[in-house]
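The file input-v6.pdb contains PDB, C-alpha atoms, pLDDT in the B column:
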```pdb
ATOM      1  CA  MET K   1     161.784 130.937  87.273  1.00 53.00           C
ATOM      2  CA  ARG K   2     159.446 133.113  85.198  1.00 51.00           C
ATOM      3  CA  LEU K   3     162.343 134.244  83.038  1.00 43.00           C
ATOM      4  CA  PHE K   4     163.339 130.622  82.443  1.00 41.00           C
ATOM      5  CA  LEU K   5     159.773 129.700  81.407  1.00 39.00           C
ATOM      6  CA  LEU K   6     159.536 132.736  79.143  1.00 38.00           C
ATOM      7  CA  LEU K   7     162.856 131.973  77.428  1.00 37.00           C
ATOM      8  CA  THR K   8     161.949 128.295  77.039  1.00 39.00           C
ATOM      9  CA  THR K   9     158.573 129.201  75.526  1.00 40.00           C
ATOM     10  CA  LEU K  10     160.193 131.668  73.096  1.00 38.00           C
ATOM     11  CA  LEU K  11     162.744 129.075  72.023  1.00 37.00           C
ATOM     12  CA  LEU K  12     160.028 126.495  71.418  1.00 37.00           C
ATOM     13  CA  ILE K  13     157.875 128.944  69.456  1.00 39.00           C
ATOM     14  CA  SER K  14     160.777 130.215  67.333  1.00 40.00           C
ATOM     15  CA  GLY K  15     161.760 126.647  66.463  1.00 39.00           C
ATOM     16  CA  GLU K  16     158.210 125.942  65.384  1.00 40.00           C
ATOM     17  CA  LEU K  17     158.170 129.082  63.232  1.00 42.00           C
ATOM     18  CA  LEU K  18     161.428 128.097  61.555  1.00 43.00           C
ATOM     19  CA  ALA K  19     160.123 124.612  60.934  1.00 47.00           C
ATOM     20  CA  ASN K  20     156.999 126.153  59.449  1.00 87.00           C
ATOM     21  CA  ASP K  21     159.073 128.083  56.884  1.00 90.00           C
ATOM     22  CA  ARG K  22     160.906 124.870  55.992  1.00 92.00           C
ATOM     23  CA  VAL K  23     157.607 123.064  55.520  1.00 94.00           C
ATOM     24  CA  ARG K  24     156.188 125.932  53.454  1.00 94.00           C
ATOM     25  CA  LEU K  25     159.269 126.057  51.227  1.00 94.00           C
ATOM     26  CA  GLN K  26     159.022 122.296  50.704  1.00 95.00           C
ATOM     27  CA  GLU K  27     155.367 122.772  49.766  1.00 95.00           C
ATOM     28  CA  ALA K  28     156.367 125.447  47.236  1.00 94.00           C
ATOM     29  CA  GLY K  29     158.835 122.971  45.732  1.00 95.00           C
ATOM     30  CA  PHE K  30     161.077 125.493  43.993  1.00 97.00           C
ATOM     31  CA  ALA K  31     163.488 123.886  41.564  1.00 96.00           C
ATOM     32  CA  SER K  32     167.204 124.320  42.273  1.00 97.00           C
ATOM     33  CA  SER K  33     167.691 125.660  38.730  1.00 95.00           C
ATOM     34  CA  HIS K  34     165.636 127.029  35.862  1.00 96.00           C
ATOM     35  CA  GLU K  35     166.353 127.201  32.136  1.00 93.00           C
ATOM     36  CA  LEU K  36     165.408 130.617  30.708  1.00 89.00           C
ATOM     37  CA  GLY K  37     166.137 130.881  27.005  1.00 83.00           C
ATOM     38  CA  GLN K  38     169.826 130.099  26.602  1.00 86.00           C
ATOM     39  CA  ASN K  39     170.522 130.817  30.275  1.00 90.00           C
ATOM     40  CA  ASN K  40     170.714 128.302  33.083  1.00 94.00           C
ATOM     41  CA  LEU K  41     169.734 130.074  36.278  1.00 96.00           C
ATOM     42  CA  GLU K  42     170.348 128.747  39.759  1.00 97.00           C
ATOM     43  CA  ARG K  43     168.154 129.385  42.755  1.00 97.00           C
ATOM     44  CA  LYS K  44     169.972 131.947  44.874  1.00 97.00           C
ATOM     45  CA  SER K  45     167.436 132.191  47.678  1.00 97.00           C
ATOM     46  CA  GLN K  46     163.931 131.414  48.822  1.00 97.00           C
ATOM     47  CA  SER K  47     161.760 132.800  51.577  1.00 96.00           C
ATOM     48  CA  VAL K  48     158.201 132.950  52.897  1.00 95.00           C
ATOM     49  CA  LEU K  49     156.219 136.188  53.066  1.00 94.00           C
ATOM     50  CA  THR K  50     154.143 136.288  56.226  1.00 91.00           C
ATOM     51  CA  TYR K  51     151.590 139.034  56.818  1.00 87.00           C
ATOM     52  CA  LEU K  52     149.937 139.319  60.238  1.00 87.00           C
ATOM     53  CA  TRP K  53     151.078 135.775  61.160  1.00 88.00           C
ATOM     54  CA  VAL K  54     149.612 134.324  57.962  1.00 91.00           C
ATOM     55  CA  ASP K  55     151.856 132.777  55.310  1.00 94.00           C
ATOM     56  CA  VAL K  56     150.825 134.419  52.037  1.00 95.00           C
ATOM     57  CA  TYR K  57     153.369 133.097  49.531  1.00 97.00           C
ATOM     58  CA  ALA K  58     156.852 131.696  49.125  1.00 97.00           C
ATOM     59  CA  ALA K  59     159.301 133.429  46.807  1.00 97.00           C
ATOM     60  CA  ALA K  60     162.422 132.165  45.057  1.00 98.00           C
ATOM     61  CA  PHE K  61     165.000 134.222  43.191  1.00 98.00           C
ATOM     62  CA  TYR K  62     167.055 132.772  40.339  1.00 97.00           C
ATOM     63  CA  ALA K  63     170.126 134.249  38.629  1.00 96.00           C
ATOM     64  CA  PRO K  64     173.202 133.061  36.685  1.00 96.00           C
ATOM     65  CA  ALA K  65     175.646 130.916  38.660  1.00 94.00           C
ATOM     66  CA  ARG K  66     178.458 133.434  38.172  1.00 94.00           C
ATOM     67  CA  ALA K  67     176.576 136.253  39.946  1.00 94.00           C
ATOM     68  CA  SER K  68     175.150 136.854  43.384  1.00 94.00           C
ATOM     69  CA  ALA K  69     171.500 137.826  43.718  1.00 95.00           C
ATOM     70  CA  ARG K  70     172.504 141.441  44.409  1.00 95.00           C
ATOM     71  CA  GLN K  71     174.759 141.524  41.326  1.00 94.00           C
ATOM     72  CA  ALA K  72     171.994 140.113  39.134  1.00 93.00           C
ATOM     73  CA  VAL K  73     169.589 142.835  40.251  1.00 93.00           C
ATOM     74  CA  ALA K  74     172.133 145.695  40.089  1.00 93.00           C
ATOM     75  CA  THR K  75     173.601 144.860  36.663  1.00 91.00           C
ATOM     76  CA  PRO K  76     170.804 143.718  35.580  1.00 89.00           C
ATOM     77  CA  LEU K  77     171.398 140.151  34.476  1.00 94.00           C
ATOM     78  CA  THR K  78     168.942 137.457  33.446  1.00 95.00           C
ATOM     79  CA  GLN K  79     166.784 136.665  36.459  1.00 97.00           C
ATOM     80  CA  ARG K  80     163.592 135.002  37.619  1.00 98.00           C
ATOM     81  CA  LEU K  81     161.374 135.728  40.606  1.00 98.00           C
ATOM     82  CA  GLU K  82     158.900 132.941  41.292  1.00 98.00           C
ATOM     83  CA  LEU K  83     156.000 133.176  43.754  1.00 98.00           C
ATOM     84  CA  TYR K  84     154.002 130.222  45.064  1.00 98.00           C
ATOM     85  CA  TYR K  85     150.757 131.220  46.780  1.00 97.00           C
ATOM     86  CA  PHE K  86     149.367 129.588  49.933  1.00 97.00           C
ATOM     87  CA  ARG K  87     146.224 131.748  50.080  1.00 95.00           C
ATOM     88  CA  ALA K  88     143.453 132.953  47.805  1.00 96.00           C
ATOM     89  CA  ILE K  89     143.873 136.629  46.915  1.00 96.00           C
ATOM     90  CA  ASP K  90     141.565 138.845  44.870  1.00 97.00           C
ATOM     91  CA  ARG K  91     143.286 140.257  41.766  1.00 97.00           C
ATOM     92  CA  GLN K  92     142.273 143.806  42.736  1.00 98.00           C
ATOM     93  CA  ASP K  93     144.092 143.409  46.065  1.00 97.00           C
ATOM     94  CA  VAL K  94     147.240 142.319  44.209  1.00 97.00           C
ATOM     95  CA  ILE K  95     147.018 145.296  41.858  1.00 98.00           C
ATOM     96  CA  LYS K  96     146.401 147.698  44.759  1.00 97.00           C
ATOM     97  CA  ALA K  97     149.439 146.351  46.657  1.00 96.00           C
ATOM     98  CA  ALA K  98     151.609 146.674  43.537  1.00 98.00           C
ATOM     99  CA  TRP K  99     150.600 150.314  43.060  1.00 98.00           C
ATOM    100  CA  VAL K 100     151.272 151.114  46.727  1.00 97.00           C
ATOM    101  CA  ALA K 101     154.832 149.793  46.365  1.00 97.00           C
ATOM    102  CA  LEU K 102     155.397 151.420  42.960  1.00 98.00           C
ATOM    103  CA  GLU K 103     154.197 154.806  44.254  1.00 97.00           C
ATOM    104  CA  ARG K 104     156.601 154.529  47.206  1.00 97.00           C
ATOM    105  CA  GLN K 105     159.486 153.670  44.915  1.00 97.00           C
ATOM    106  CA  HIS K 106     159.035 155.971  41.896  1.00 97.00           C
ATOM    107  CA  ASP K 107     158.225 159.575  41.112  1.00 97.00           C
ATOM    108  CA  ALA K 108     155.024 160.603  39.319  1.00 97.00           C
ATOM    109  CA  ALA K 109     156.765 161.184  35.963  1.00 97.00           C
ATOM    110  CA  THR K 110     158.231 157.672  35.908  1.00 97.00           C
ATOM    111  CA  LEU K 111     154.903 156.093  36.806  1.00 98.00           C
ATOM    112  CA  LYS K 112     153.100 158.141  34.157  1.00 98.00           C
ATOM    113  CA  ARG K 113     155.572 156.885  31.544  1.00 97.00           C
ATOM    114  CA  LEU K 114     155.241 153.260  32.720  1.00 98.00           C
ATOM    115  CA  ARG K 115     151.482 153.274  33.359  1.00 98.00           C
ATOM    116  CA  PRO K 116     150.349 151.888  29.969  1.00 98.00           C
ATOM    117  CA  GLU K 117     152.679 148.880  30.302  1.00 98.00           C
ATOM    118  CA  ILE K 118     151.819 148.364  33.991  1.00 98.00           C
ATOM    119  CA  ASP K 119     148.104 148.503  33.164  1.00 98.00           C
ATOM    120  CA  ALA K 120     148.635 145.952  30.369  1.00 98.00           C
ATOM    121  CA  LEU K 121     150.504 143.691  32.803  1.00 98.00           C
ATOM    122  CA  HIS K 122     147.778 144.054  35.434  1.00 98.00           C
ATOM    123  CA  ALA K 123     145.103 143.275  32.846  1.00 98.00           C
ATOM    124  CA  THR K 124     146.512 139.727  32.653  1.00 97.00           C
ATOM    125  CA  PHE K 125     146.098 139.102  36.399  1.00 97.00           C
ATOM    126  CA  ARG K 126     143.350 136.871  37.696  1.00 96.00           C
ATOM    127  CA  ASP K 127     142.206 135.970  41.189  1.00 98.00           C
ATOM    128  CA  ILE K 128     144.882 133.889  42.884  1.00 98.00           C
ATOM    129  CA  ASN K 129     144.087 130.450  44.272  1.00 98.00           C
ATOM    130  CA  PRO K 130     146.190 128.419  46.710  1.00 97.00           C
ATOM    131  CA  GLY K 131     148.834 126.569  44.701  1.00 97.00           C
ATOM    132  CA  ASP K 132     149.056 129.163  41.921  1.00 98.00           C
ATOM    133  CA  ARG K 133     152.545 130.027  40.764  1.00 98.00           C
ATOM    134  CA  TYR K 134     153.433 133.390  39.212  1.00 98.00           C
ATOM    135  CA  ALA K 135     156.897 134.116  37.821  1.00 98.00           C
ATOM    136  CA  LEU K 136     158.532 137.269  36.488  1.00 98.00           C
ATOM    137  CA  ASN K 137     161.390 136.551  34.093  1.00 97.00           C
ATOM    138  CA  PHE K 138     163.824 139.149  32.831  1.00 97.00           C
ATOM    139  CA  ASN K 139     166.373 138.694  30.076  1.00 95.00           C
ATOM    140  CA  PRO K 140     168.309 141.794  28.919  1.00 92.00           C
ATOM    141  CA  GLY K 141     167.947 140.642  25.292  1.00 87.00           C
ATOM    142  CA  SER K 142     164.263 139.751  25.271  1.00 89.00           C
ATOM    143  CA  GLY K 143     162.671 141.734  28.095  1.00 94.00           C
ATOM    144  CA  LEU K 144     160.148 140.852  30.780  1.00 97.00           C
ATOM    145  CA  THR K 145     157.660 137.991  30.800  1.00 97.00           C
ATOM    146  CA  LEU K 146     155.011 137.076  33.327  1.00 98.00           C
ATOM    147  CA  GLU K 147     154.034 133.439  33.753  1.00 97.00           C
ATOM    148  CA  LEU K 148     151.018 132.010  35.520  1.00 97.00           C
ATOM    149  CA  ASN K 149     151.294 128.308  36.320  1.00 97.00           C
ATOM    150  CA  GLY K 150     153.982 127.859  33.662  1.00 96.00           C
ATOM    151  CA  LYS K 151     152.208 129.713  30.832  1.00 97.00           C
ATOM    152  CA  THR K 152     153.358 133.113  29.589  1.00 97.00           C
ATOM    153  CA  THR K 153     150.582 135.678  30.022  1.00 97.00           C
ATOM    154  CA  PHE K 154     152.471 138.941  29.361  1.00 98.00           C
ATOM    155  CA  THR K 155     155.594 140.093  27.533  1.00 98.00           C
ATOM    156  CA  SER K 156     157.295 143.490  27.355  1.00 97.00           C
ATOM    157  CA  GLN K 157     160.536 144.666  25.776  1.00 96.00           C
ATOM    158  CA  ASP K 158     160.776 147.650  28.169  1.00 96.00           C
ATOM    159  CA  PRO K 159     163.749 147.219  30.546  1.00 94.00           C
ATOM    160  CA  GLU K 160     162.490 150.113  32.701  1.00 95.00           C
ATOM    161  CA  LEU K 161     159.216 148.253  33.288  1.00 97.00           C
ATOM    162  CA  ALA K 162     161.157 145.106  34.188  1.00 96.00           C
ATOM    163  CA  LYS K 163     163.310 146.954  36.711  1.00 96.00           C
ATOM    164  CA  ALA K 164     160.321 148.745  38.242  1.00 97.00           C
ATOM    165  CA  TYR K 165     158.095 145.691  38.495  1.00 97.00           C
ATOM    166  CA  LEU K 166     160.755 143.320  39.815  1.00 97.00           C
ATOM    167  CA  GLY K 167     161.645 146.153  42.182  1.00 97.00           C
ATOM    168  CA  ILE K 168     158.331 145.669  43.963  1.00 97.00           C
ATOM    169  CA  TRP K 169     160.070 142.696  45.606  1.00 97.00           C
ATOM    170  CA  LEU K 170     163.758 143.407  45.026  1.00 97.00           C
ATOM    171  CA  ALA K 171     164.240 147.186  45.474  1.00 96.00           C
ATOM    172  CA  PRO K 172     164.106 149.262  48.664  1.00 96.00           C
ATOM    173  CA  ASN K 173     160.667 150.376  49.902  1.00 95.00           C
ATOM    174  CA  GLY K 174     158.886 147.527  48.169  1.00 95.00           C
ATOM    175  CA  LEU K 175     156.264 145.155  49.530  1.00 94.00           C
ATOM    176  CA  SER K 176     158.473 143.722  52.281  1.00 95.00           C
ATOM    177  CA  ASP K 177     161.958 144.750  53.352  1.00 95.00           C
ATOM    178  CA  LYS K 178     162.317 141.456  55.231  1.00 95.00           C
ATOM    179  CA  LEU K 179     161.514 139.443  52.099  1.00 96.00           C
ATOM    180  CA  ARG K 180     163.827 141.601  49.969  1.00 96.00           C
ATOM    181  CA  THR K 181     166.696 141.149  52.424  1.00 96.00           C
ATOM    182  CA  SER K 182     166.158 137.410  52.448  1.00 96.00           C
ATOM    183  CA  LEU K 183     165.967 137.128  48.649  1.00 96.00           C
ATOM    184  CA  LEU K 184     169.114 139.205  48.133  1.00 96.00           C
ATOM    185  CA  ALA K 185     171.170 137.611  50.919  1.00 92.00           C
ATOM    186  CA  GLU K 186     174.644 136.435  49.934  1.00 74.00           C
TER     187      GLU K 186
END
```
What does the file become when written as structure tokens?
Amino acid sequence: MRLFLLLTTLLLISGELLANDRVRLQEAGFASSHELGQNNLERKSQSVLTYLWVDVYAAAFYAPARASARQAVATPLTQRLELYYFRAIDRQDVIKAAWVALERQHDAATLKRLRPEIDALHATFRDINPGDRYALNFNPGSGLTLELNGKTTFTSQDPELAKAYLGIWLAPNGLSDKLRTSLLAE
């Protein structure tokens, strides 16, 4: 009887958690496609990042229709990573988390080379409020842009910076392996 109650409770809780992700993704309201320059990108995936049972943000990954999410990252093709925040976060906490992931993913020489561009990117950050929307866009011809609530706040022509910074979410040993797996799922 105890086993039955335990299994029933787990099933009810897991259904509620799944429903919560659906509700959160509806709240984020990610478009099914996005026009980036001359490229029409389609949403390949979307997921919610939860930290210690708290939903922090929803993420959506966009790439050309002809490519999978994994192909877009590996090639690299034009792509967009959009984040919709559910919680207020101090800009210094965002920067600290980015550096933790970057230091896990790259050697000291690479980070030294990229540091001026990363610092310039971080200088554009501000404290995050619920409902804020950040997006990283990469186009092989025009580089990396960062948007905050639809306005471009940073631009770089450095493809190595683009790969490294998008890698915080899309490469191994980034912020969340679970989120990465979900965003790159076929």
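One finds atom CA of Leu144 of chain K at 6.3 Å from atom CA of Gln157 of chain K.
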Worksheet item: Which polymer residues have any atom within 10 Å of an atom of segment 22-37 of chain K, counting all atoms listed in the file, with same-chain residues fewer than 2 positions away left out, as an NGL selection string?
Response: :K and (16-20 or 39-48 or 55 or 57-65 or 78-80 or 82-86 or 131-133 or 137-139 or 142)
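As for atom CA of Ser182 of chain K and atom CA of Thr50 of chain K, they are spaced 12.6 Å apart.
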Padded axis-aligned box of segment 167-186 of chain K (6 Å per side), centre and edge lengths, Å, one decimal, as lines of an AutoDock Vina configuration file:
```
center_x = 165.5
center_y = 143.4
center_z = 48.7
size_x = 30.4
size_y = 25.9
size_z = 25.0
```
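You will find atom CA of Ser156 of chain K at 14.1 Å from atom CA of Arg113 of chain K.
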Worksheet item: Restricting the calculation to only C-alpha atoms, which member of K:Leu170, K:Leu49, K:Leu183, K:Leu175 is positioned closest to Ala74 of chain K?
Response: K:Leu170
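Residue selection for this entry, given the PyMOL selection byres ((chain K and resi 95) around 10), comprises Asp90, Arg91, Gln92, Asp93, Val94, Lys96, Ala97, Ala98, Trp99, Val100, Ile118, Asp119, Leu121, His122, Ala123 and Phe125 of chain K.
The closest residue to Ala67 of chain K, picked from K:Leu161, K:Ala171, K:Glu186, K:Arg87 and counting all atoms listed in the file, is K:Glu186.
Compared by their closest atoms to Ala88 of chain K, and using all atoms listed in the file, the residues K:Ala69, K:His106, K:Thr124, K:Pro130 rank with K:Pro130 nearest.
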